[in-house]
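K.L.:
Structure supplied as run-v2.tsv; contents: TSV, C-alpha atoms and all ligand atoms.
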chain	number	residue	atom	x	y	z
A	16	MET	CA	-6.39	83.56	-66.82
A	17	THR	CA	-3.83	80.78	-66.76
A	18	THR	CA	-5.24	77.47	-65.73
A	19	PHE	CA	-3.64	74.41	-64.21
A	20	LEU	CA	-3.52	72.83	-67.66
A	21	ASP	CA	-1.43	75.71	-69.05
A	22	ASP	CA	0.88	75.52	-66.07
A	23	PRO	CA	3.91	73.28	-66.67
A	24	LEU	CA	4.31	73.05	-62.90
A	25	PHE	CA	0.91	71.38	-62.47
A	26	GLU	CA	2.25	67.95	-63.40
A	27	GLU	CA	5.23	68.47	-61.07
A	28	LYS	CA	2.83	69.41	-58.28
A	29	LEU	CA	0.79	66.23	-58.73
A	30	ILE	CA	3.96	64.13	-58.83
A	31	ALA	CA	5.17	65.84	-55.64
A	32	CYS	CA	1.83	65.05	-53.94
A	33	ARG	CA	2.13	61.41	-55.03
A	34	ARG	CA	5.68	61.20	-53.70
A	35	GLN	CA	4.65	62.65	-50.35
A	36	LEU	CA	1.92	60.02	-50.03
A	37	HIS	CA	4.38	57.36	-51.16
A	38	GLN	CA	6.90	58.31	-48.47
A	39	TYR	CA	4.33	58.23	-45.68
A	40	PRO	CA	2.03	55.27	-46.40
A	41	GLU	CA	-0.73	54.53	-43.90
A	42	LEU	CA	-2.80	51.36	-43.52
A	43	ALA	CA	-6.58	50.99	-43.68
A	44	TYR	CA	-8.41	53.33	-41.23
A	45	GLY	CA	-5.05	54.75	-40.08
A	46	GLU	CA	-4.81	57.30	-42.93
A	47	LYS	CA	-4.63	60.32	-40.60
A	48	GLU	CA	-1.68	62.20	-42.18
A	49	THR	CA	-2.92	61.27	-45.66
A	50	THR	CA	-6.32	62.79	-44.83
A	51	LYS	CA	-4.66	65.95	-43.52
A	52	ALA	CA	-2.50	66.29	-46.63
A	53	ILE	CA	-5.45	65.85	-49.00
A	54	LYS	CA	-7.49	68.43	-47.07
A	55	ASN	CA	-4.57	70.90	-47.26
A	56	TRP	CA	-4.12	70.43	-51.00
A	57	LEU	CA	-7.85	70.89	-51.59
A	58	SER	CA	-8.22	73.94	-49.39
A	59	ASP	CA	-5.09	75.55	-50.92
A	60	ALA	CA	-6.84	75.29	-54.29
A	61	GLY	CA	-10.14	76.63	-52.91
A	62	VAL	CA	-12.02	73.36	-53.32
A	63	ASP	CA	-15.11	72.96	-51.10
A	64	MET	CA	-15.33	69.98	-48.77
A	65	LEU	CA	-18.36	68.31	-47.18
A	66	PRO	CA	-18.48	66.57	-43.79
A	67	LEU	CA	-17.56	62.89	-43.93
A	68	PRO	CA	-18.50	61.13	-40.67
A	69	LEU	CA	-15.47	58.81	-40.71
A	70	GLU	CA	-12.13	59.06	-38.89
A	71	THR	CA	-10.20	59.18	-42.16
A	72	GLY	CA	-10.99	60.03	-45.77
A	73	VAL	CA	-12.16	63.24	-47.43
A	74	LEU	CA	-15.28	64.26	-49.35
A	75	ALA	CA	-14.84	67.17	-51.77
A	76	VAL	CA	-17.54	68.77	-53.91
A	77	ILE	CA	-17.53	70.82	-57.09
A	78	ARG	CA	-20.84	72.54	-57.69
A	79	GLY	CA	-21.25	73.40	-61.36
A	80	ALA	CA	-22.65	76.74	-62.51
A	81	ASN	CA	-25.53	74.91	-64.17
A	82	PRO	CA	-28.13	72.62	-62.60
A	83	GLY	CA	-27.94	68.89	-63.26
A	84	PRO	CA	-27.29	65.47	-61.74
A	85	VAL	CA	-24.78	64.48	-59.09
A	86	ILE	CA	-21.94	62.13	-60.01
A	87	CYS	CA	-18.96	60.89	-58.01
A	88	LEU	CA	-15.27	60.25	-58.63
A	89	ARG	CA	-13.73	57.81	-56.17
A	90	THR	CA	-10.16	57.09	-55.16
A	91	ASP	CA	-8.83	54.89	-52.38
A	92	ILE	CA	-6.03	56.21	-50.15
A	93	ASP	CA	-4.66	53.34	-48.03
A	94	ALA	CA	-1.37	51.41	-48.28
A	95	LEU	CA	-0.22	47.86	-47.51
A	96	PRO	CA	1.82	46.15	-44.75
A	97	ILE	CA	4.77	45.49	-47.10
A	98	GLN	CA	8.44	46.45	-46.66
A	99	GLU	CA	9.35	48.54	-49.73
A	100	ALA	CA	12.27	47.28	-51.82
A	101	THR	CA	12.30	49.71	-54.76
A	102	GLY	CA	15.38	51.71	-53.75
A	103	LEU	CA	13.59	54.88	-54.94
A	104	ALA	CA	14.79	58.21	-53.54
A	105	PHE	CA	11.22	58.79	-52.31
A	106	ALA	CA	10.69	55.24	-51.01
A	107	SER	CA	8.53	54.69	-47.94
A	108	LYS	CA	9.95	56.13	-44.74
A	109	ILE	CA	7.62	53.96	-42.66
A	110	PRO	CA	9.09	50.51	-41.93
A	111	GLY	CA	6.85	47.68	-43.10
A	112	LYS	CA	4.38	49.91	-44.95
A	113	MET	CA	4.24	50.67	-48.65
A	114	HIS	CA	1.94	52.05	-51.32
A	115	ALA	CA	2.36	48.83	-53.30
A	116	CYS	CA	-1.14	48.91	-54.81
A	117	GLY	CA	-0.78	52.37	-56.36
A	118	HIS	CA	-3.42	54.07	-54.21
A	119	ASP	CA	-0.97	57.00	-54.01
A	120	PHE	CA	-1.16	57.18	-57.82
A	121	HIS	CA	-4.98	57.05	-57.69
A	122	THR	CA	-5.10	59.79	-55.07
A	123	ALA	CA	-2.74	62.13	-56.96
A	124	SER	CA	-4.67	61.58	-60.20
A	125	ILE	CA	-8.11	62.16	-58.68
A	126	LEU	CA	-6.73	65.18	-56.77
A	127	GLY	CA	-5.55	66.51	-60.15
A	128	ALA	CA	-8.99	65.90	-61.68
A	129	THR	CA	-10.59	67.72	-58.74
A	130	LEU	CA	-8.35	70.78	-59.18
A	131	LEU	CA	-9.05	70.82	-62.94
A	132	LEU	CA	-12.81	70.53	-62.38
A	133	ASN	CA	-12.72	73.34	-59.84
A	134	GLU	CA	-11.58	75.59	-62.69
A	135	ARG	CA	-14.32	74.35	-65.02
A	136	LYS	CA	-17.39	75.11	-62.85
A	137	GLU	CA	-18.88	77.30	-65.63
A	138	GLU	CA	-18.97	74.29	-67.92
A	139	LEU	CA	-20.38	71.83	-65.38
A	140	GLU	CA	-24.06	70.89	-65.67
A	141	GLY	CA	-24.47	69.45	-62.19
A	142	THR	CA	-22.39	68.50	-59.19
A	143	VAL	CA	-19.30	66.32	-58.84
A	144	LYS	CA	-18.57	64.73	-55.48
A	145	ILE	CA	-15.07	63.36	-54.98
A	146	ILE	CA	-14.61	60.68	-52.34
A	147	PHE	CA	-11.09	59.95	-51.06
A	148	GLN	CA	-12.04	56.61	-49.51
A	149	PRO	CA	-10.17	54.94	-46.64
A	150	ALA	CA	-9.53	51.23	-46.20
A	151	GLU	CA	-9.90	49.62	-49.61
A	152	GLU	CA	-7.40	46.90	-48.75
A	153	SER	CA	-9.36	45.79	-45.68
A	154	GLY	CA	-12.42	45.50	-47.90
A	155	SER	CA	-14.86	47.56	-45.89
A	156	GLY	CA	-14.03	51.25	-46.52
A	157	ALA	CA	-16.53	51.53	-49.36
A	158	LEU	CA	-19.29	50.06	-47.15
A	159	LYS	CA	-18.53	52.62	-44.44
A	160	VAL	CA	-18.81	55.44	-46.98
A	161	ILE	CA	-22.10	54.03	-48.30
A	162	GLU	CA	-23.50	53.60	-44.76
A	163	SER	CA	-22.62	57.23	-43.97
A	164	GLY	CA	-25.17	58.31	-46.59
A	165	VAL	CA	-22.91	60.97	-48.15
A	166	LEU	CA	-23.36	59.47	-51.61
A	167	ASP	CA	-27.13	58.92	-51.41
A	168	ASP	CA	-27.78	61.57	-54.08
A	169	VAL	CA	-25.15	60.23	-56.51
A	170	GLN	CA	-26.46	58.95	-59.85
A	171	ALA	CA	-23.23	57.52	-61.31
A	172	ILE	CA	-19.82	56.71	-59.84
A	173	PHE	CA	-16.39	56.27	-61.44
A	174	GLY	CA	-13.05	54.92	-60.28
A	175	MET	CA	-9.90	53.19	-61.46
A	176	HIS	CA	-7.06	50.89	-60.64
A	177	ASP	CA	-3.54	51.31	-61.94
A	178	MET	CA	-2.40	48.37	-64.06
A	179	PRO	CA	1.37	47.79	-64.14
A	180	ASN	CA	1.10	45.50	-67.18
A	181	LEU	CA	-0.55	48.20	-69.34
A	182	PRO	CA	1.63	50.93	-70.86
A	183	THR	CA	1.22	54.56	-69.81
A	184	GLY	CA	-1.28	56.28	-72.08
A	185	THR	CA	-3.62	53.28	-72.32
A	186	ILE	CA	-6.87	52.70	-70.46
A	187	GLY	CA	-8.81	49.45	-70.12
A	188	ILE	CA	-12.57	49.97	-70.48
A	189	LYS	CA	-15.04	47.10	-70.48
A	190	SER	CA	-18.71	46.67	-69.59
A	191	GLY	CA	-19.92	43.84	-67.34
A	192	PRO	CA	-17.71	41.88	-64.94
A	193	LEU	CA	-14.25	43.35	-64.40
A	194	MET	CA	-13.13	42.18	-60.96
A	195	ALA	CA	-14.12	39.12	-58.98
A	196	ALA	CA	-16.34	38.41	-56.00
A	197	VAL	CA	-14.17	37.35	-53.05
A	198	ASP	CA	-15.16	34.60	-50.60
A	199	THR	CA	-13.13	32.77	-47.94
A	200	PHE	CA	-13.51	29.39	-46.31
A	201	THR	CA	-12.06	27.13	-43.65
A	202	ILE	CA	-12.46	23.34	-43.57
A	203	ASP	CA	-12.09	21.26	-40.40
A	204	ILE	CA	-11.37	17.53	-40.52
A	205	GLU	CA	-11.84	15.39	-37.45
A	206	GLY	CA	-10.25	11.93	-37.69
A	207	ILE	CA	-8.84	9.68	-35.00
A	208	GLY	CA	-5.25	10.26	-33.94
A	209	THR	CA	-3.00	7.30	-33.49
A	210	HIS	CA	0.56	5.93	-33.62
A	211	ALA	CA	2.16	6.53	-37.03
A	212	ALA	CA	3.15	2.87	-37.14
A	213	ALA	CA	-0.44	1.66	-36.57
A	214	PRO	CA	-2.65	3.60	-39.03
A	215	GLU	CA	-5.33	0.88	-38.94
A	216	THR	CA	-6.19	1.92	-35.37
A	217	GLY	CA	-7.03	5.51	-36.31
A	218	ILE	CA	-8.48	7.67	-39.11
A	219	ASP	CA	-5.79	9.67	-40.85
A	220	SER	CA	-6.96	13.28	-41.09
A	221	ILE	CA	-4.05	14.16	-43.44
A	222	VAL	CA	-5.11	11.57	-46.01
A	223	VAL	CA	-8.71	12.81	-45.74
A	224	ALA	CA	-7.60	16.44	-46.22
A	225	SER	CA	-5.52	15.49	-49.26
A	226	HIS	CA	-8.48	13.79	-50.94
A	227	ILE	CA	-10.69	16.79	-50.20
A	228	ILE	CA	-8.17	19.24	-51.70
A	229	THR	CA	-7.98	17.19	-54.89
A	230	ALA	CA	-11.75	16.68	-55.09
A	231	LEU	CA	-12.46	20.40	-54.62
A	232	GLN	CA	-10.71	21.08	-57.93
A	233	SER	CA	-13.41	19.05	-59.68
A	234	ILE	CA	-15.95	21.78	-58.91
A	235	VAL	CA	-14.35	24.20	-61.38
A	236	SER	CA	-13.68	21.51	-63.99
A	237	ARG	CA	-16.89	19.43	-63.64
A	238	ASN	CA	-19.66	21.47	-61.98
A	239	ILE	CA	-19.17	24.88	-63.59
A	240	SER	CA	-19.86	25.53	-67.25
A	241	PRO	CA	-16.68	25.88	-69.33
A	242	LEU	CA	-18.14	29.24	-70.42
A	243	ASP	CA	-18.15	30.51	-66.83
A	244	SER	CA	-15.12	30.96	-64.62
A	245	ALA	CA	-14.15	30.45	-61.00
A	246	VAL	CA	-11.08	29.88	-58.87
A	247	ILE	CA	-11.01	27.67	-55.78
A	248	SER	CA	-7.66	27.85	-53.98
A	249	VAL	CA	-6.71	26.05	-50.77
A	250	THR	CA	-4.01	28.31	-49.37
A	251	ARG	CA	-3.29	26.83	-45.95
A	252	LEU	CA	-3.20	23.26	-44.67
A	253	GLU	CA	-2.29	22.58	-41.05
A	254	SER	CA	-2.12	19.26	-39.29
A	255	GLY	CA	0.09	17.39	-36.89
A	256	ASN	CA	3.22	18.44	-35.03
A	257	THR	CA	5.64	15.54	-35.15
A	258	TRP	CA	6.85	12.61	-37.28
A	259	ASN	CA	5.55	9.58	-35.42
A	260	VAL	CA	1.94	10.52	-34.64
A	261	LEU	CA	-0.98	10.56	-37.07
A	262	PRO	CA	-2.88	13.69	-36.06
A	263	GLN	CA	-6.51	13.73	-34.98
A	264	THR	CA	-7.40	16.90	-36.90
A	265	ALA	CA	-6.53	18.93	-39.99
A	266	GLN	CA	-7.57	22.41	-40.96
A	267	MET	CA	-7.57	24.12	-44.35
A	268	GLU	CA	-8.20	27.68	-45.42
A	269	GLY	CA	-8.64	29.25	-48.84
A	270	THR	CA	-10.50	31.55	-51.17
A	271	VAL	CA	-13.11	31.36	-53.94
A	272	ARG	CA	-13.27	33.93	-56.77
A	273	THR	CA	-16.17	34.25	-59.21
A	274	PHE	CA	-17.75	36.82	-61.53
A	275	ARG	CA	-21.39	35.69	-61.84
A	276	GLU	CA	-23.73	35.56	-58.84
A	277	LYS	CA	-25.34	32.38	-60.20
A	278	VAL	CA	-21.97	30.60	-60.14
A	279	ARG	CA	-21.00	32.12	-56.79
A	280	ASP	CA	-24.22	31.02	-55.10
A	281	ARG	CA	-23.78	27.34	-56.04
A	282	ILE	CA	-20.17	26.85	-54.92
A	283	PRO	CA	-20.66	26.65	-51.11
A	284	GLU	CA	-23.18	23.81	-51.53
A	285	GLN	CA	-20.88	21.95	-53.92
A	286	MET	CA	-17.94	22.36	-51.54
A	287	LYS	CA	-20.01	21.23	-48.55
A	288	ARG	CA	-21.02	18.06	-50.38
A	289	ILE	CA	-17.40	17.18	-51.12
A	290	VAL	CA	-16.06	18.10	-47.67
A	291	GLU	CA	-18.71	16.14	-45.75
A	292	GLY	CA	-19.00	13.31	-48.26
A	293	VAL	CA	-15.29	12.63	-48.78
A	294	ALA	CA	-14.63	12.83	-45.04
A	295	ALA	CA	-17.52	10.45	-44.32
A	296	GLY	CA	-16.18	8.03	-46.92
A	297	PHE	CA	-13.05	7.68	-44.78
A	298	GLY	CA	-15.00	7.53	-41.51
A	299	ALA	CA	-13.96	11.07	-40.57
A	300	LYS	CA	-16.01	14.22	-40.02
A	301	GLY	CA	-15.57	17.20	-42.34
A	302	SER	CA	-17.13	20.63	-41.90
A	303	LEU	CA	-17.05	23.72	-44.11
A	304	HIS	CA	-17.29	27.32	-42.87
A	305	TYR	CA	-17.88	29.63	-45.81
A	306	THR	CA	-17.89	33.46	-45.73
A	307	LYS	CA	-18.91	35.77	-48.57
A	308	LEU	CA	-16.87	38.97	-48.69
A	309	GLY	CA	-17.15	41.55	-51.51
A	310	PRO	CA	-19.28	41.12	-54.65
A	311	ALA	CA	-17.96	41.11	-58.21
A	312	LEU	CA	-17.40	44.49	-59.84
A	313	MET	CA	-19.92	44.91	-62.67
A	314	ASN	CA	-19.48	47.88	-64.98
A	315	ASP	CA	-22.60	49.59	-66.29
A	316	ALA	CA	-22.89	49.08	-70.07
A	317	LYS	CA	-23.99	52.64	-70.94
A	318	LEU	CA	-21.46	54.38	-68.68
A	319	THR	CA	-18.56	52.31	-70.00
A	320	ASP	CA	-19.71	52.98	-73.55
A	321	TRP	CA	-19.86	56.74	-72.94
A	322	ALA	CA	-16.48	56.70	-71.14
A	323	VAL	CA	-14.74	55.48	-74.30
A	324	SER	CA	-15.25	58.82	-76.05
A	325	SER	CA	-14.08	60.76	-72.95
A	326	ALA	CA	-10.92	58.61	-72.92
A	327	LYS	CA	-10.25	59.13	-76.60
A	328	SER	CA	-10.76	62.89	-76.40
A	329	SER	CA	-8.32	62.88	-73.45
A	330	GLY	CA	-5.66	61.33	-75.68
A	331	LEU	CA	-5.77	57.85	-74.11
A	332	GLN	CA	-5.62	54.67	-76.14
A	333	VAL	CA	-8.59	52.49	-75.23
A	334	ILE	CA	-8.13	48.73	-74.93
A	335	THR	CA	-10.45	45.94	-73.77
A	336	PRO	CA	-8.92	44.62	-70.54
A	337	THR	CA	-8.86	41.04	-69.31
A	338	PRO	CA	-10.97	40.85	-66.14
A	339	SER	CA	-9.02	40.35	-62.91
A	340	PHE	CA	-9.74	37.72	-60.27
A	341	ALA	CA	-8.59	40.17	-57.62
A	342	GLY	CA	-11.27	41.84	-55.50
A	343	GLU	CA	-12.02	45.57	-55.33
A	344	ASP	CA	-14.42	47.24	-52.92
A	345	PHE	CA	-15.57	49.71	-55.60
A	346	ALA	CA	-17.95	46.82	-56.34
A	347	GLU	CA	-19.92	47.79	-53.21
A	348	TYR	CA	-20.82	51.16	-54.77
A	349	ASN	CA	-21.81	49.46	-58.02
A	350	ARG	CA	-24.38	47.37	-56.18
A	351	LYS	CA	-26.28	50.60	-55.35
A	352	ILE	CA	-25.19	53.12	-57.98
A	353	PRO	CA	-24.50	52.57	-61.70
A	354	GLY	CA	-20.76	52.85	-62.10
A	355	ALA	CA	-17.73	52.30	-64.25
A	356	PHE	CA	-14.27	51.27	-63.15
A	357	PHE	CA	-11.23	51.49	-65.38
A	358	PHE	CA	-7.75	49.98	-65.57
A	359	MET	CA	-5.15	52.73	-66.08
A	360	GLY	CA	-1.82	51.89	-67.71
A	361	VAL	CA	1.22	52.84	-65.61
A	362	SER	CA	4.07	50.86	-67.28
A	363	GLY	CA	5.00	49.11	-64.03
A	364	ASN	CA	8.10	46.95	-63.59
A	365	SER	CA	6.34	44.38	-61.40
A	366	ASP	CA	2.91	43.41	-60.11
A	367	LEU	CA	0.55	45.06	-57.65
A	368	HIS	CA	1.33	44.19	-54.00
A	369	HIS	CA	5.00	43.50	-54.85
A	370	PRO	CA	7.69	45.22	-52.74
A	371	ASP	CA	9.66	46.25	-55.85
A	372	LEU	CA	6.76	47.83	-57.77
A	373	ILE	CA	7.67	51.10	-59.51
A	374	ILE	CA	5.08	52.85	-61.66
A	375	ASP	CA	5.48	55.56	-64.29
A	376	GLU	CA	4.54	58.94	-62.79
A	377	LYS	CA	3.97	60.28	-66.31
A	378	ALA	CA	0.61	58.48	-66.09
A	379	ILE	CA	-0.68	60.85	-63.38
A	380	LEU	CA	-1.47	63.90	-65.51
A	381	PRO	CA	-3.27	61.97	-68.31
A	382	SER	CA	-5.36	60.20	-65.64
A	383	ALA	CA	-6.23	63.53	-64.01
A	384	LYS	CA	-7.25	65.01	-67.37
A	385	PHE	CA	-9.30	61.95	-68.24
A	386	PHE	CA	-11.30	62.00	-64.98
A	387	ALA	CA	-11.92	65.75	-65.33
A	388	ASN	CA	-13.15	65.34	-68.93
A	389	LEU	CA	-15.15	62.27	-67.93
A	390	ALA	CA	-16.97	64.20	-65.19
A	391	VAL	CA	-17.83	67.07	-67.56
A	392	ASP	CA	-19.09	64.63	-70.23
A	393	MET	CA	-21.01	62.38	-67.83
A	394	LEU	CA	-22.97	65.20	-66.21
A	395	LYS	CA	-24.41	65.88	-69.67
A	396	LYS	CA	-25.24	62.23	-70.25
A	397	VAL	CA	-26.35	60.58	-67.00
A	398	LYS	CA	-29.80	62.14	-67.27
A	399	ASP	CA	-30.33	59.52	-70.01
A	400	LEU	CA	-29.30	56.57	-67.85
B	501	ZN	ZN	-4.39	46.18	-53.33
B	502	ZN	ZN	-5.70	48.57	-54.95
What is this structure when it is put down as structure tokens?
Ligand SMILES: [Zn+2]
Ligand SMILES: [Zn+2]
P.N.:
Amino acid sequence: MTTFLDDPLFEEKLIACRRQLHQYPELAYGEKETTKAIKNWLSDAGVDMLPLPLETGVLAVIRGANPGPVICLRTDIDALPIQEATGLAFASKIPGKMHACGHDFHTASILGATLLLNERKEELEGTVKIIFQPAEESGSGALKVIESGVLDDVQAIFGMHDMPNLPTGTIGIKSGPLMAAVDTFTIDIEGIGTHAAAPETGIDSIVVASHIITALQSIVSRNISPLDSAVISVTRLESGNTWNVLPQTAQMEGTVRTFREKVRDRIPEQMKRIVEGVAAGFGAKGSLHYTKLGPALMNDAKLTDWAVSSAKSSGLQVITPTPSFAGEDFAEYNRKIPGAFFFMGVSGNSDLHHPDLIIDEKAILPSAKFFANLAVDMLKKVKDL
């Protein structure tokens, strides 16, 4: 029997699938055609699917010939609201939408792994669920999948992100924190508006905001241990609307990124102290509104350790990656289920979320092989978790 791995057309097929997804990118929760395409590819290959009570996304299942645990492979499937500027022959045909985060690459790779695993049922000691998850970019797709209960029986979960700055054929594997917790905030300053020529009759909200922005940077440098890490970025400052009036109010917006919960939990209090205290020092009123979004992505030590040998036997070169301060909603699974998330080298020309990003499609087949081998290996090992 010839298998997909013997078939020189298998790689071409996966590349064709990736290009189709790339040409028709869909945003979070709008992945209707993407969902249809994935279902067609799976059913053409005789892969079983399970109900997924969401509008978009697909849940496939490979039941091994031998009893054992249940593990999950996860890919995200959504694109970004970016106008593509690659000039590729298979560039996005949808104005203002682009697979600029490589979720088309993830989907083609995990589809490949699924097709390979479907041929290896005799070898499998347990069950592999494969979740094609919607809405990673909006940050809540993973939560919707978890709430649906379809992964309640899963004992270990695995996923990846493509990394343009790593060469094809390399994989970043690291235990512990890999991607950051993501929080957002807004700060409101209430001063007293007045004539620009008579500042002594008002309270200048722009001066107050400027002092707060500067003082906030002391949290990372003075309140957090040099051995820990955090980012506090003010990304928007709005105040006033003309040149001869000192405005009554100012508003700021920004984000906080951290890896450790202990550090994350202290930052809102430290920010509040500065916002209220600095504003009060100028006779103004400052208020902080702080929202926690996704948690940090923490890789399980045993799973990452075991994954190294699967990567090596799949022909990948294993490196220790630098953690990223970007967020990733795979972290939501990791809160409930032990998991491991990898960085896959794709020899990109640019960064993620850039309109000119081109990745190396030669990375698809090695990724597919790796995730298939990983699933076979992990079913044998997760009993010992
Ligand atoms: Zn992204
Ligand atoms: Zn992404």
K.L.:
Would you please work out which residue, of A:Phe147, A:Phe274, A:Phe297, A:Phe386, is nearest to Ser339 (chain A) when using all atoms listed in the file?
P.N.:
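Looking at the shortest contact to Ser339 (chain A), the residue is A:Phe274.
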K.L.:
So the first atom is CA of Leu67 (chain A) and the second is CA of Gly164 (chain A); what is the distance between them in Å, to one decimal place?
P.N.:
9.3 Å
K.L.:
Could you tell me which of A:Ser153, A:Gln285, A:Gln98, A:Asn81 comes closest to ligand ZN 501 (chain B) if we count only C-alpha atoms and all ligand atoms?
P.N.:
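Checking each candidate against ligand ZN 501 (chain B), we get A:Ser153 as the closest.
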K.L.:
Check which residues fall inside 7 Å of ligand ZN 501 (chain B) when counting all atoms listed in the file, and print them as a PyMOL selection string.
P.N.:
chain A and resi 116+152+367-368
K.L.:
How would you report the residues lying within 12 Å of ligand ZN 502 (chain B), as an mmCIF file with C-alpha atoms, in the frame of the given file, if you count only C-alpha atoms and all ligand atoms?
P.N.:
data_model
loop_
_atom_site.group_PDB
_atom_site.id
_atom_site.type_symbol
_atom_site.label_atom_id
_atom_site.label_comp_id
_atom_site.auth_asym_id
_atom_site.auth_seq_id
_atom_site.Cartn_x
_atom_site.Cartn_y
_atom_site.Cartn_z
ATOM 1 C CA ALA A 43 -6.580 50.990 -43.680
ATOM 2 C CA THR A 90 -10.160 57.090 -55.160
ATOM 3 C CA ASP A 91 -8.830 54.890 -52.380
ATOM 4 C CA ILE A 92 -6.030 56.210 -50.150
ATOM 5 C CA ASP A 93 -4.660 53.340 -48.030
ATOM 6 C CA ALA A 94 -1.370 51.410 -48.280
ATOM 7 C CA LEU A 95 -0.220 47.860 -47.510
ATOM 8 C CA MET A 113 4.240 50.670 -48.650
ATOM 9 C CA HIS A 114 1.940 52.050 -51.320
ATOM 10 C CA ALA A 115 2.360 48.830 -53.300
ATOM 11 C CA CYS A 116 -1.140 48.910 -54.810
ATOM 12 C CA GLY A 117 -0.780 52.370 -56.360
ATOM 13 C CA HIS A 118 -3.420 54.070 -54.210
ATOM 14 C CA ASP A 119 -0.970 57.000 -54.010
ATOM 15 C CA PHE A 120 -1.160 57.180 -57.820
ATOM 16 C CA HIS A 121 -4.980 57.050 -57.690
ATOM 17 C CA THR A 122 -5.100 59.790 -55.070
ATOM 18 C CA GLN A 148 -12.040 56.610 -49.510
ATOM 19 C CA PRO A 149 -10.170 54.940 -46.640
ATOM 20 C CA ALA A 150 -9.530 51.230 -46.200
ATOM 21 C CA GLU A 151 -9.900 49.620 -49.610
ATOM 22 C CA GLU A 152 -7.400 46.900 -48.750
ATOM 23 C CA SER A 153 -9.360 45.790 -45.680
ATOM 24 C CA GLY A 154 -12.420 45.500 -47.900
ATOM 25 C CA GLY A 174 -13.050 54.920 -60.280
ATOM 26 C CA MET A 175 -9.900 53.190 -61.460
ATOM 27 C CA HIS A 176 -7.060 50.890 -60.640
ATOM 28 C CA ASP A 177 -3.540 51.310 -61.940
ATOM 29 C CA MET A 178 -2.400 48.370 -64.060
ATOM 30 C CA PRO A 179 1.370 47.790 -64.140
ATOM 31 C CA MET A 194 -13.130 42.180 -60.960
ATOM 32 C CA SER A 339 -9.020 40.350 -62.910
ATOM 33 C CA ALA A 341 -8.590 40.170 -57.620
ATOM 34 C CA GLY A 342 -11.270 41.840 -55.500
ATOM 35 C CA GLU A 343 -12.020 45.570 -55.330
ATOM 36 C CA ASP A 344 -14.420 47.240 -52.920
ATOM 37 C CA PHE A 345 -15.570 49.710 -55.600
ATOM 38 C CA PHE A 358 -7.750 49.980 -65.570
ATOM 39 C CA MET A 359 -5.150 52.730 -66.080
ATOM 40 C CA ASP A 366 2.910 43.410 -60.110
ATOM 41 C CA LEU A 367 0.550 45.060 -57.650
ATOM 42 C CA HIS A 368 1.330 44.190 -54.000
ATOM 43 C CA HIS A 369 5.000 43.500 -54.850
#
K.L.:
Between A:Asp371, A:Glu253, A:Asp198, A:Asp392, single out the one closest to Gly309 (chain A), counting only C-alpha atoms.
P.N.:
A:Asp198
K.L.:
Using only C-alpha atoms for the distances, tell me which of A:Ser236, A:Ser244, A:Ser325, A:Ser220 is nearest to Ala390 (chain A).
P.N.:
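Under the stated criterion, the closest residue is A:Ser325.
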